[in-house]
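Engineer: Below is a structure I'd like to ask you about.
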Amino acid sequence: MPSPEAVSTPRGMRDIKPEEMRVRERMLGSIKRVFKLYGFAPLETPALESWEVLSAKGAGGSEIINETYNFEDKGGRRVGMRYDLTVPLARFIAMNPNIPLPFKRYQIGSVWRYGDVAKGRLREFWQADVDIVGSESMLADAEIVACTVDVFRELGFKEFTVRLNNRKILSAMVKFAGIEAGKVEDAFRAIDKLEKIGKEKVFEELAGRGIEKKAGEKLMELISLSGEADRMLDECEKLIGDIKEGREGIAETRELISCLRKMGAEGNLKVDFSLARGMEYYTGPIFEVFFSEGIGSLAGGGRYDKMIGLFLGKEMPATGISFGIERIAEVMGERKDAGEKSVFIASVDESSMEEAMKIAGLFRKNGVAAMIDLRERSLAKQLNYANSLNIPYVVIIGREEMKQGKVKLRDFRSGEEKLVGAEECIEIIKKG
């Protein structure tokens, strides 16, 4: 028999209880509905990938590779648990080179990273991704961002911000600040921590990565530009417009914003030159969704035109975003499961149990989730059990109800009780 200490989940992993899972299922159902409205098709990939795929240079970045669960299988092959859903997509495209383009897919599933455990940060966590492969157009990026905005609106979020930047703009800013080419990725990694550690700590990190103080100060000044999007881009163009990457990044950002305005999705946008995104594979527009201080990013992504080429042997444009299901669920945590369209059928005594089974069958055939007592308990204990499960309705069946061909319906929320026919009872529950 395992010790009490052994009967627990591994560190950084957890069980999701039924009341949480019901909320999560409805949340994922809403997300899927929006994905499908934009024409994204479902894809599933294995939890395990070959280590050669997961560790490919330019796929995940050294920090994530160091956090990847990997081991030898019984055949002596090195494999690893997927750390995101983007690398498996790249491998899938390489295995299916004749797939019609653009390929629009969504995937929802667990990923694993052996990182530090903290609130909102686990070692097994869920992600929901949408990606478009095979289109260089900013319209593809606009579809990703518009879909993202619609997802959060569908989930009932009123206040959220989609922060928008472009890695080409950032790269031009780094060059303009006088940071040498070999330190560009170091600068990106430091800037990416701005939200978490603040400006002073970022200065320290830039210095620690060998970037001169003057160059670091100039870069921080550039990424701190703020204001209305068009004015910010005009100001940015005056500073870095002579650098090719800068011109391209500004033009792409303007085109992306123009598309989003036409789609009616610009209301939640904010151009933010401090947004860096940690992944090395981003090549153009990058975006993140923020809800409030202290919560961090709820979704993030961008354009990655070179990564699929690592597996395919030729460049393939792609763009996408990943939704952090754990973080979103945490923010939505106060929305408790209401158990709607569900009912507990309580039998007063053994003589009414057969009728309870028949009524349960009728309810289920009509789309109402129905539970019956499985432990031969008293009526009081059945009612306590139903209440503990947060089931809003209970149907009570006894000799008197059976004589009249009716059931007693009790609404736990209002305390109201009424005698009704089974068909009427179904309609009341469906209306909620």
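Ordering of the structure tokens sets the chain letters (A, B, ...); residue numbers start at 1 within each chain; ligands are numbered from 1 in the order shown.
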Could you give me, as a compact mmCIF listing (two decimals) with C-alpha atoms, in the first residue's frame, the residues within 12 Å of Tyr38 of chain A, counting only C-alpha atoms and dropping anything in the same chain fewer than 2 positions from it?
Structural biologist:
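Below you can see result10.txt, which holds the result:
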```txt
# COMPACT_ATOMS: atom_id res chain seq x y z
CA ILE A 31 -13.70 29.12 -27.12
CA LYS A 32 -14.29 26.31 -29.64
CA ARG A 33 -17.45 27.99 -30.96
CA VAL A 34 -15.48 31.14 -31.80
CA PHE A 35 -12.62 29.15 -33.35
CA LYS A 36 -15.10 27.38 -35.62
CA PHE A 40 -10.36 26.78 -37.81
CA ALA A 41 -10.38 22.97 -37.98
CA LYS A 104 -6.20 26.91 -40.28
CA ARG A 105 -6.19 24.73 -37.21
CA TYR A 106 -7.11 24.85 -33.55
CA VAL A 130 -5.21 28.78 -33.26
CA ASP A 131 -2.75 29.07 -36.14
CA ILE A 132 -2.81 29.95 -39.83
CA ALA A 140 -3.96 36.30 -41.50
CA ALA A 142 -5.65 40.22 -38.27
CA GLU A 143 -7.85 37.08 -38.26
CA ILE A 144 -5.85 35.67 -35.34
CA VAL A 145 -6.18 38.91 -33.34
CA ALA A 146 -9.88 39.40 -34.24
CA CYS A 147 -10.61 35.79 -33.25
CA THR A 148 -8.79 36.42 -29.95
CA ASP A 150 -14.07 37.62 -29.99
CA VAL A 151 -13.02 34.76 -27.67
```
Engineer: Which residues of segment 109-225 of chain A come within 10 Å of segment 233-242 of chain A, and for each one, what is the closest pair of atoms and their distance in Å to one decimal, counting only C-alpha atoms, sorted by chain and residue number, as JSON lines?
Structural biologist:
```
{"residue": "A:Ile169", "atom": "CA", "partner": "A:Ile240", "partner_atom": "CA", "distance": 8.1}
{"residue": "A:Leu170", "atom": "CA", "partner": "A:Ile240", "partner_atom": "CA", "distance": 9.9}
{"residue": "A:Ala172", "atom": "CA", "partner": "A:Ile240", "partner_atom": "CA", "distance": 6.4}
{"residue": "A:Met173", "atom": "CA", "partner": "A:Ile240", "partner_atom": "CA", "distance": 6.7}
{"residue": "A:Val174", "atom": "CA", "partner": "A:Ile240", "partner_atom": "CA", "distance": 9.9}
{"residue": "A:Lys175", "atom": "CA", "partner": "A:Ile240", "partner_atom": "CA", "distance": 9.0}
{"residue": "A:Phe176", "atom": "CA", "partner": "A:Ile240", "partner_atom": "CA", "distance": 6.7}
{"residue": "A:Ala177", "atom": "CA", "partner": "A:Ile240", "partner_atom": "CA", "distance": 9.8}
{"residue": "A:Leu222", "atom": "CA", "partner": "A:Cys236", "partner_atom": "CA", "distance": 8.2}
{"residue": "A:Ile223", "atom": "CA", "partner": "A:Cys236", "partner_atom": "CA", "distance": 9.6}
{"residue": "A:Leu225", "atom": "CA", "partner": "A:Cys236", "partner_atom": "CA", "distance": 8.3}
```
Engineer: May I have the residues from that selection written out with N, CA and C atoms, as an mmCIF file, in the first residue's frame?
Structural biologist:
```
data_model
loop_
_atom_site.group_PDB
_atom_site.id
_atom_site.type_symbol
_atom_site.label_atom_id
_atom_site.label_comp_id
_atom_site.auth_asym_id
_atom_site.auth_seq_id
_atom_site.Cartn_x
_atom_site.Cartn_y
_atom_site.Cartn_z
ATOM 1 N N ILE A 169 10.271 45.915 -35.606
ATOM 2 C CA ILE A 169 10.401 47.233 -34.966
ATOM 3 C C ILE A 169 11.368 47.131 -33.788
ATOM 4 N N LEU A 170 11.198 46.115 -32.966
ATOM 5 C CA LEU A 170 12.078 45.925 -31.818
ATOM 6 C C LEU A 170 13.527 45.754 -32.257
ATOM 7 N N ALA A 172 14.938 46.835 -34.970
ATOM 8 C CA ALA A 172 15.448 48.128 -35.446
ATOM 9 C C ALA A 172 15.756 49.049 -34.272
ATOM 10 N N MET A 173 14.923 49.024 -33.232
ATOM 11 C CA MET A 173 15.171 49.840 -32.047
ATOM 12 C C MET A 173 16.465 49.428 -31.351
ATOM 13 N N VAL A 174 16.689 48.118 -31.275
ATOM 14 C CA VAL A 174 17.911 47.606 -30.651
ATOM 15 C C VAL A 174 19.140 48.094 -31.422
ATOM 16 N N LYS A 175 19.063 48.043 -32.742
ATOM 17 C CA LYS A 175 20.183 48.526 -33.574
ATOM 18 C C LYS A 175 20.366 50.033 -33.414
ATOM 19 N N PHE A 176 19.239 50.769 -33.411
ATOM 20 C CA PHE A 176 19.289 52.230 -33.279
ATOM 21 C C PHE A 176 19.908 52.639 -31.938
ATOM 22 N N ALA A 177 19.651 51.815 -30.902
ATOM 23 C CA ALA A 177 20.196 52.103 -29.574
ATOM 24 C C ALA A 177 21.685 51.820 -29.485
ATOM 25 N N LEU A 222 13.235 54.281 -26.042
ATOM 26 C CA LEU A 222 12.489 53.988 -27.273
ATOM 27 C C LEU A 222 11.252 53.143 -26.996
ATOM 28 N N ILE A 223 11.433 52.098 -26.188
ATOM 29 C CA ILE A 223 10.297 51.187 -25.968
ATOM 30 C C ILE A 223 9.261 51.801 -25.030
ATOM 31 N N LEU A 225 7.890 54.754 -25.531
ATOM 32 C CA LEU A 225 6.999 55.643 -26.284
ATOM 33 C C LEU A 225 5.558 55.212 -26.050
#
```
Engineer: Would you list the contacts of segment 191-200 of chain A as a ChimeraX atom specification, taking every protein, DNA or RNA residue within 7 Å and counting only C-alpha atoms, but skipping same-chain residues closer than 2 positions in sequence?
Structural biologist: /A:187-189,202-204,274-278
Engineer: Kindly export the residues of the current selection with N, CA and C atoms, as a PDB file, in the first residue's frame.
Structural biologist:
```pdb
ATOM      1  N   ALA A 187      18.890  41.245 -25.456  1.00  0.00           N
ATOM      2  CA  ALA A 187      18.066  42.434 -25.202  1.00  0.00           C
ATOM      3  C   ALA A 187      16.585  42.076 -25.195  1.00  0.00           C
ATOM      4  N   PHE A 188      16.157  41.242 -26.153  1.00  0.00           N
ATOM      5  CA  PHE A 188      14.758  40.811 -26.214  1.00  0.00           C
ATOM      6  C   PHE A 188      14.346  40.092 -24.925  1.00  0.00           C
ATOM      7  N   ARG A 189      15.214  39.185 -24.446  1.00  0.00           N
ATOM      8  CA  ARG A 189      14.889  38.409 -23.247  1.00  0.00           C
ATOM      9  C   ARG A 189      14.744  39.313 -22.030  1.00  0.00           C
ATOM     10  N   VAL A 202      15.251  45.477 -15.193  1.00  0.00           N
ATOM     11  CA  VAL A 202      15.578  45.234 -16.598  1.00  0.00           C
ATOM     12  C   VAL A 202      16.915  45.901 -16.936  1.00  0.00           C
ATOM     13  N   PHE A 203      17.136  47.120 -16.429  1.00  0.00           N
ATOM     14  CA  PHE A 203      18.436  47.790 -16.612  1.00  0.00           C
ATOM     15  C   PHE A 203      19.565  46.894 -16.094  1.00  0.00           C
ATOM     16  N   GLU A 204      19.347  46.327 -14.910  1.00  0.00           N
ATOM     17  CA  GLU A 204      20.358  45.451 -14.319  1.00  0.00           C
ATOM     18  C   GLU A 204      20.599  44.215 -15.186  1.00  0.00           C
ATOM     19  N   SER A 274       7.213  47.970 -25.859  1.00  0.00           N
ATOM     20  CA  SER A 274       7.960  47.196 -24.862  1.00  0.00           C
ATOM     21  C   SER A 274       7.623  45.708 -24.928  1.00  0.00           C
ATOM     22  N   LEU A 275       6.594  45.345 -25.680  1.00  0.00           N
ATOM     23  CA  LEU A 275       6.221  43.938 -25.807  1.00  0.00           C
ATOM     24  C   LEU A 275       7.266  43.210 -26.643  1.00  0.00           C
ATOM     25  N   ALA A 276       7.859  42.142 -26.075  1.00  0.00           N
ATOM     26  CA  ALA A 276       8.946  41.445 -26.778  1.00  0.00           C
ATOM     27  C   ALA A 276       8.605  39.992 -27.117  1.00  0.00           C
ATOM     28  N   ARG A 277       7.851  39.297 -26.250  1.00  0.00           N
ATOM     29  CA  ARG A 277       7.598  37.856 -26.407  1.00  0.00           C
ATOM     30  C   ARG A 277       8.922  37.092 -26.379  1.00  0.00           C
ATOM     31  N   GLY A 278       9.058  36.152 -25.487  1.00  0.00           N
ATOM     32  CA  GLY A 278      10.333  35.486 -25.249  1.00  0.00           C
ATOM     33  C   GLY A 278      10.812  34.538 -26.327  1.00  0.00           C
TER      34      GLY A 278
END
```
Engineer: Determine the nearest neighbour of Glu19 of chain A from the options A:Glu427, A:Asn390, A:Tyr69, A:Lys341, counting only C-alpha atoms.
Structural biologist: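 Checking each candidate against Glu19 of chain A, we get A:Asn390 as the closest.
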Engineer: Could you pull out the strand (DSSP E) residues of segment 229-359 of chain A, going by DSSP on the backbone, and write them as a list in words?
Structural biologist: Leu269, Lys270, Val271, Pro285, Ile286, Phe287, Glu288, Val289, Phe290, Ser297, Leu298, Ala299, Gly300, Gly301, Gly302, Arg303, Ala318, Thr319, Gly320, Ile321, Ser322, Phe323, Gly324, Ser342, Val343, Phe344, Ile345, Ala346 and Ser347 of chain A
Engineer: DSSP on the backbone, alpha helix (DSSP H) only: what residues of segment 102-253 of chain A does that give? Format it as a PyMOL selection string.
Structural biologist: chain A and resi 138-154+167-176+184-191+194-208+213-223+229-240+244-253
Engineer: Excluding Pro10 of chain A and any residue of its chain fewer than 5 positions from it, enumerate the residues within 12 Å of it, using only C-alpha atoms, and give them as number ranges by chain.
Structural biologist: A: 5, 15, 114, 117, 122-124
Engineer: Could you take the residues named above and write them with C-alpha atoms, as a short mmCIF file (atom, residue, chain, number, x, y, z; two decimals), in the first residue's frame?
Structural biologist:
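Contents of again06.cif, as written:
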```
data_model
loop_
_atom_site.label_atom_id
_atom_site.label_comp_id
_atom_site.auth_asym_id
_atom_site.auth_seq_id
_atom_site.Cartn_x
_atom_site.Cartn_y
_atom_site.Cartn_z
CA GLU A 5 2.97 11.03 1.07
CA ASP A 15 -6.49 17.26 -10.15
CA TYR A 114 9.57 21.43 -15.61
CA VAL A 117 5.93 26.25 -9.49
CA LEU A 122 2.09 24.68 -13.09
CA ARG A 123 4.22 21.99 -14.73
CA GLU A 124 1.24 20.50 -16.54
#
```
Engineer: Quick one: everything within 12 Å of Arg24 of chain A, counting only C-alpha atoms, minus sequence neighbours fewer than 2 positions away in the same chain. Send it as number ranges by chain.
Structural biologist: A: 16-22, 26-31, 126, 155, 325-333, 335-337
Engineer: Could the residues in this selection be saved with C-alpha atoms as a PDB file, in the first residue's frame?
Structural biologist:
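And here's result.pdb as it stands now:
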```pdb
ATOM      1  CA  ILE A  16      -9.298  19.380 -11.546  1.00  0.00           C
ATOM      2  CA  LYS A  17     -12.426  18.776  -9.462  1.00  0.00           C
ATOM      3  CA  PRO A  18     -15.837  18.252 -11.102  1.00  0.00           C
ATOM      4  CA  GLU A  19     -17.146  21.711 -10.123  1.00  0.00           C
ATOM      5  CA  GLU A  20     -14.051  23.329 -11.692  1.00  0.00           C
ATOM      6  CA  MET A  21     -14.157  21.016 -14.688  1.00  0.00           C
ATOM      7  CA  ARG A  22     -17.773  21.877 -15.490  1.00  0.00           C
ATOM      8  CA  ARG A  26     -18.284  25.443 -20.713  1.00  0.00           C
ATOM      9  CA  MET A  27     -15.388  27.882 -21.121  1.00  0.00           C
ATOM     10  CA  LEU A  28     -13.689  25.603 -23.678  1.00  0.00           C
ATOM     11  CA  GLY A  29     -17.030  25.142 -25.445  1.00  0.00           C
ATOM     12  CA  SER A  30     -17.293  28.924 -25.862  1.00  0.00           C
ATOM     13  CA  ILE A  31     -13.703  29.118 -27.123  1.00  0.00           C
ATOM     14  CA  TRP A 126      -3.677  23.483 -20.725  1.00  0.00           C
ATOM     15  CA  LEU A 155     -16.186  34.597 -22.305  1.00  0.00           C
ATOM     16  CA  ILE A 325      -6.364  28.137 -20.065  1.00  0.00           C
ATOM     17  CA  GLU A 326      -5.089  27.956 -16.457  1.00  0.00           C
ATOM     18  CA  ARG A 327      -4.761  31.737 -16.209  1.00  0.00           C
ATOM     19  CA  ILE A 328      -8.129  32.374 -17.866  1.00  0.00           C
ATOM     20  CA  ALA A 329      -9.775  29.807 -15.566  1.00  0.00           C
ATOM     21  CA  GLU A 330      -8.153  31.536 -12.575  1.00  0.00           C
ATOM     22  CA  VAL A 331      -9.572  34.917 -13.617  1.00  0.00           C
ATOM     23  CA  MET A 332     -12.983  33.333 -14.191  1.00  0.00           C
ATOM     24  CA  GLY A 333     -12.725  31.375 -10.921  1.00  0.00           C
ATOM     25  CA  ARG A 335     -18.016  32.082 -11.739  1.00  0.00           C
ATOM     26  CA  LYS A 336     -19.170  28.995  -9.865  1.00  0.00           C
ATOM     27  CA  ASP A 337     -20.843  26.087 -11.585  1.00  0.00           C
TER      28      ASP A 337
END
```
Engineer: Rank A:Gly249, A:Pro317, A:Gly267, A:Gly324 by their smallest atom-to-atom distance to Ser297 of chain A, using only C-alpha atoms, and report the top residue only.
Structural biologist: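 Residue with the minimum atom-to-atom distance to Ser297 of chain A: A:Gly324.
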Engineer: With a distance cut-off of 12 Å and only C-alpha atoms, select the neighbouring residues of segment 137-139 of chain A, excluding the residue or stretch itself and same-chain residues fewer than 3 positions from it, and output the selection as an NGL selection string.
Structural biologist: :A and (102 or 132-134 or 142-147 or 166 or 248-249 or 251-263 or 284-286 or 302-303 or 305 or 317-320)
Engineer: Include N, CA and C atoms and write out the residues we just selected as a compact mmCIF listing (two decimals), in the first residue's frame.
Structural biologist:
```txt
# COMPACT_ATOMS: atom_id res chain seq x y z
N PRO A 102 -4.17 28.24 -47.31
CA PRO A 102 -3.67 28.22 -45.93
C PRO A 102 -4.37 27.17 -45.08
N ILE A 132 -2.59 29.93 -38.38
CA ILE A 132 -2.81 29.95 -39.83
C ILE A 132 -1.45 29.74 -40.49
N VAL A 133 -1.35 28.69 -41.28
CA VAL A 133 -0.10 28.34 -41.95
C VAL A 133 -0.26 28.55 -43.45
N GLY A 134 0.70 29.24 -44.07
CA GLY A 134 0.70 29.35 -45.52
C GLY A 134 0.24 30.69 -46.07
N ALA A 142 -4.44 39.51 -38.71
CA ALA A 142 -5.65 40.22 -38.27
C ALA A 142 -6.74 39.22 -37.87
N GLU A 143 -6.86 38.11 -38.62
CA GLU A 143 -7.85 37.08 -38.26
C GLU A 143 -7.54 36.47 -36.90
N ILE A 144 -6.25 36.23 -36.64
CA ILE A 144 -5.85 35.67 -35.34
C ILE A 144 -6.22 36.64 -34.22
N VAL A 145 -5.90 37.92 -34.39
CA VAL A 145 -6.18 38.91 -33.34
C VAL A 145 -7.69 39.11 -33.18
N ALA A 146 -8.41 39.21 -34.30
CA ALA A 146 -9.88 39.40 -34.24
C ALA A 146 -10.55 38.21 -33.56
N CYS A 147 -10.09 37.00 -33.88
CA CYS A 147 -10.61 35.79 -33.25
C CYS A 147 -10.35 35.84 -31.74
N ASN A 166 5.84 44.54 -33.06
CA ASN A 166 6.42 43.81 -34.19
C ASN A 166 7.89 43.57 -33.90
N GLU A 248 9.81 48.04 -42.46
CA GLU A 248 8.94 46.88 -42.70
C GLU A 248 7.99 46.65 -41.52
N GLY A 249 8.51 46.70 -40.31
CA GLY A 249 7.70 46.46 -39.12
C GLY A 249 6.60 47.49 -38.95
N ALA A 251 5.25 49.34 -41.40
CA ALA A 251 4.27 49.14 -42.47
C ALA A 251 3.35 47.97 -42.15
N GLU A 252 3.92 46.88 -41.63
CA GLU A 252 3.11 45.71 -41.27
C GLU A 252 2.12 46.05 -40.15
N THR A 253 2.59 46.81 -39.17
CA THR A 253 1.72 47.17 -38.04
C THR A 253 0.57 48.05 -38.49
N ARG A 254 0.87 49.01 -39.38
CA ARG A 254 -0.19 49.87 -39.91
C ARG A 254 -1.22 49.05 -40.69
N GLU A 255 -0.75 48.12 -41.50
CA GLU A 255 -1.67 47.29 -42.30
C GLU A 255 -2.52 46.41 -41.38
N LEU A 256 -1.89 45.85 -40.35
CA LEU A 256 -2.61 45.00 -39.41
C LEU A 256 -3.71 45.78 -38.69
N ILE A 257 -3.38 46.97 -38.22
CA ILE A 257 -4.37 47.81 -37.52
C ILE A 257 -5.50 48.20 -38.47
N SER A 258 -5.16 48.48 -39.72
CA SER A 258 -6.18 48.83 -40.71
C SER A 258 -7.17 47.68 -40.91
N CYS A 259 -6.64 46.45 -41.02
CA CYS A 259 -7.51 45.27 -41.17
C CYS A 259 -8.41 45.09 -39.95
N LEU A 260 -7.84 45.28 -38.77
CA LEU A 260 -8.60 45.09 -37.53
C LEU A 260 -9.71 46.13 -37.38
N ARG A 261 -9.43 47.35 -37.85
CA ARG A 261 -10.48 48.39 -37.82
C ARG A 261 -11.65 47.99 -38.71
N LYS A 262 -11.35 47.42 -39.88
CA LYS A 262 -12.41 46.99 -40.80
C LYS A 262 -13.19 45.82 -40.22
N MET A 263 -12.52 45.00 -39.39
CA MET A 263 -13.19 43.85 -38.77
C MET A 263 -13.92 44.23 -37.48
N GLY A 284 7.67 38.70 -36.96
CA GLY A 284 6.89 39.88 -37.37
C GLY A 284 5.99 40.36 -36.26
N PRO A 285 4.67 40.54 -36.54
CA PRO A 285 3.74 40.99 -35.50
C PRO A 285 3.74 40.05 -34.30
N ILE A 286 3.69 40.63 -33.10
CA ILE A 286 3.54 39.84 -31.87
C ILE A 286 2.41 40.48 -31.06
N GLY A 302 2.12 35.36 -32.22
CA GLY A 302 2.70 36.22 -33.23
C GLY A 302 3.02 35.45 -34.50
N ARG A 303 3.74 36.12 -35.38
CA ARG A 303 4.13 35.53 -36.67
C ARG A 303 5.47 34.83 -36.54
N ASP A 305 7.54 32.97 -39.33
CA ASP A 305 7.66 32.54 -40.72
C ASP A 305 8.79 31.55 -40.98
N PRO A 317 5.31 30.53 -44.23
CA PRO A 317 4.78 31.56 -43.34
C PRO A 317 3.71 31.01 -42.41
N ALA A 318 3.67 31.54 -41.19
CA ALA A 318 2.69 31.08 -40.21
C ALA A 318 2.49 32.14 -39.13
N THR A 319 1.30 32.14 -38.56
CA THR A 319 1.00 33.05 -37.46
C THR A 319 -0.03 32.39 -36.55
N GLY A 320 0.01 32.72 -35.27
CA GLY A 320 -0.95 32.09 -34.35
C GLY A 320 -0.87 32.66 -32.96
```
Engineer: Got a sec: who's within 7 Å of Phe287 of chain A, counting only C-alpha atoms, leaving out chain neighbours fewer than 3 positions off, as a PDB file with C-alpha atoms, in the first residue's frame?
Structural biologist:
```pdb
ATOM      1  CA  VAL A 162      -4.530  43.290 -26.754  1.00  0.00           C
ATOM      2  CA  ARG A 163      -0.977  44.623 -26.740  1.00  0.00           C
ATOM      3  CA  LEU A 164       0.548  44.761 -30.212  1.00  0.00           C
ATOM      4  CA  ASN A 165       4.142  45.104 -31.445  1.00  0.00           C
ATOM      5  CA  GLY A 300       0.090  35.458 -26.548  1.00  0.00           C
ATOM      6  CA  GLY A 301       1.469  34.773 -29.992  1.00  0.00           C
ATOM      7  CA  GLY A 302       2.696  36.221 -33.235  1.00  0.00           C
TER       8      GLY A 302
END
```
Engineer: Looking at A:Gly80, A:Gly39, A:Gly367, A:Gly109, which one is nearest to Val53 of chain A, with distances taken over only C-alpha atoms?
Structural biologist: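 The answer is A:Gly80, which sits nearest to Val53 of chain A.
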Engineer: Go ahead and compute the interatomic distance for atom CA of Ser171 of chain A and atom CA of Met316 of chain A, in Å to one decimal.
Structural biologist: 21.4 Å
Engineer: Could you check which of A:Arg78, A:Lys358, A:Lys406, A:Lys183 is closest to Lys418 of chain A, using only C-alpha atoms?
Structural biologist: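 Checking each candidate against Lys418 of chain A, we get A:Lys406 as the closest.
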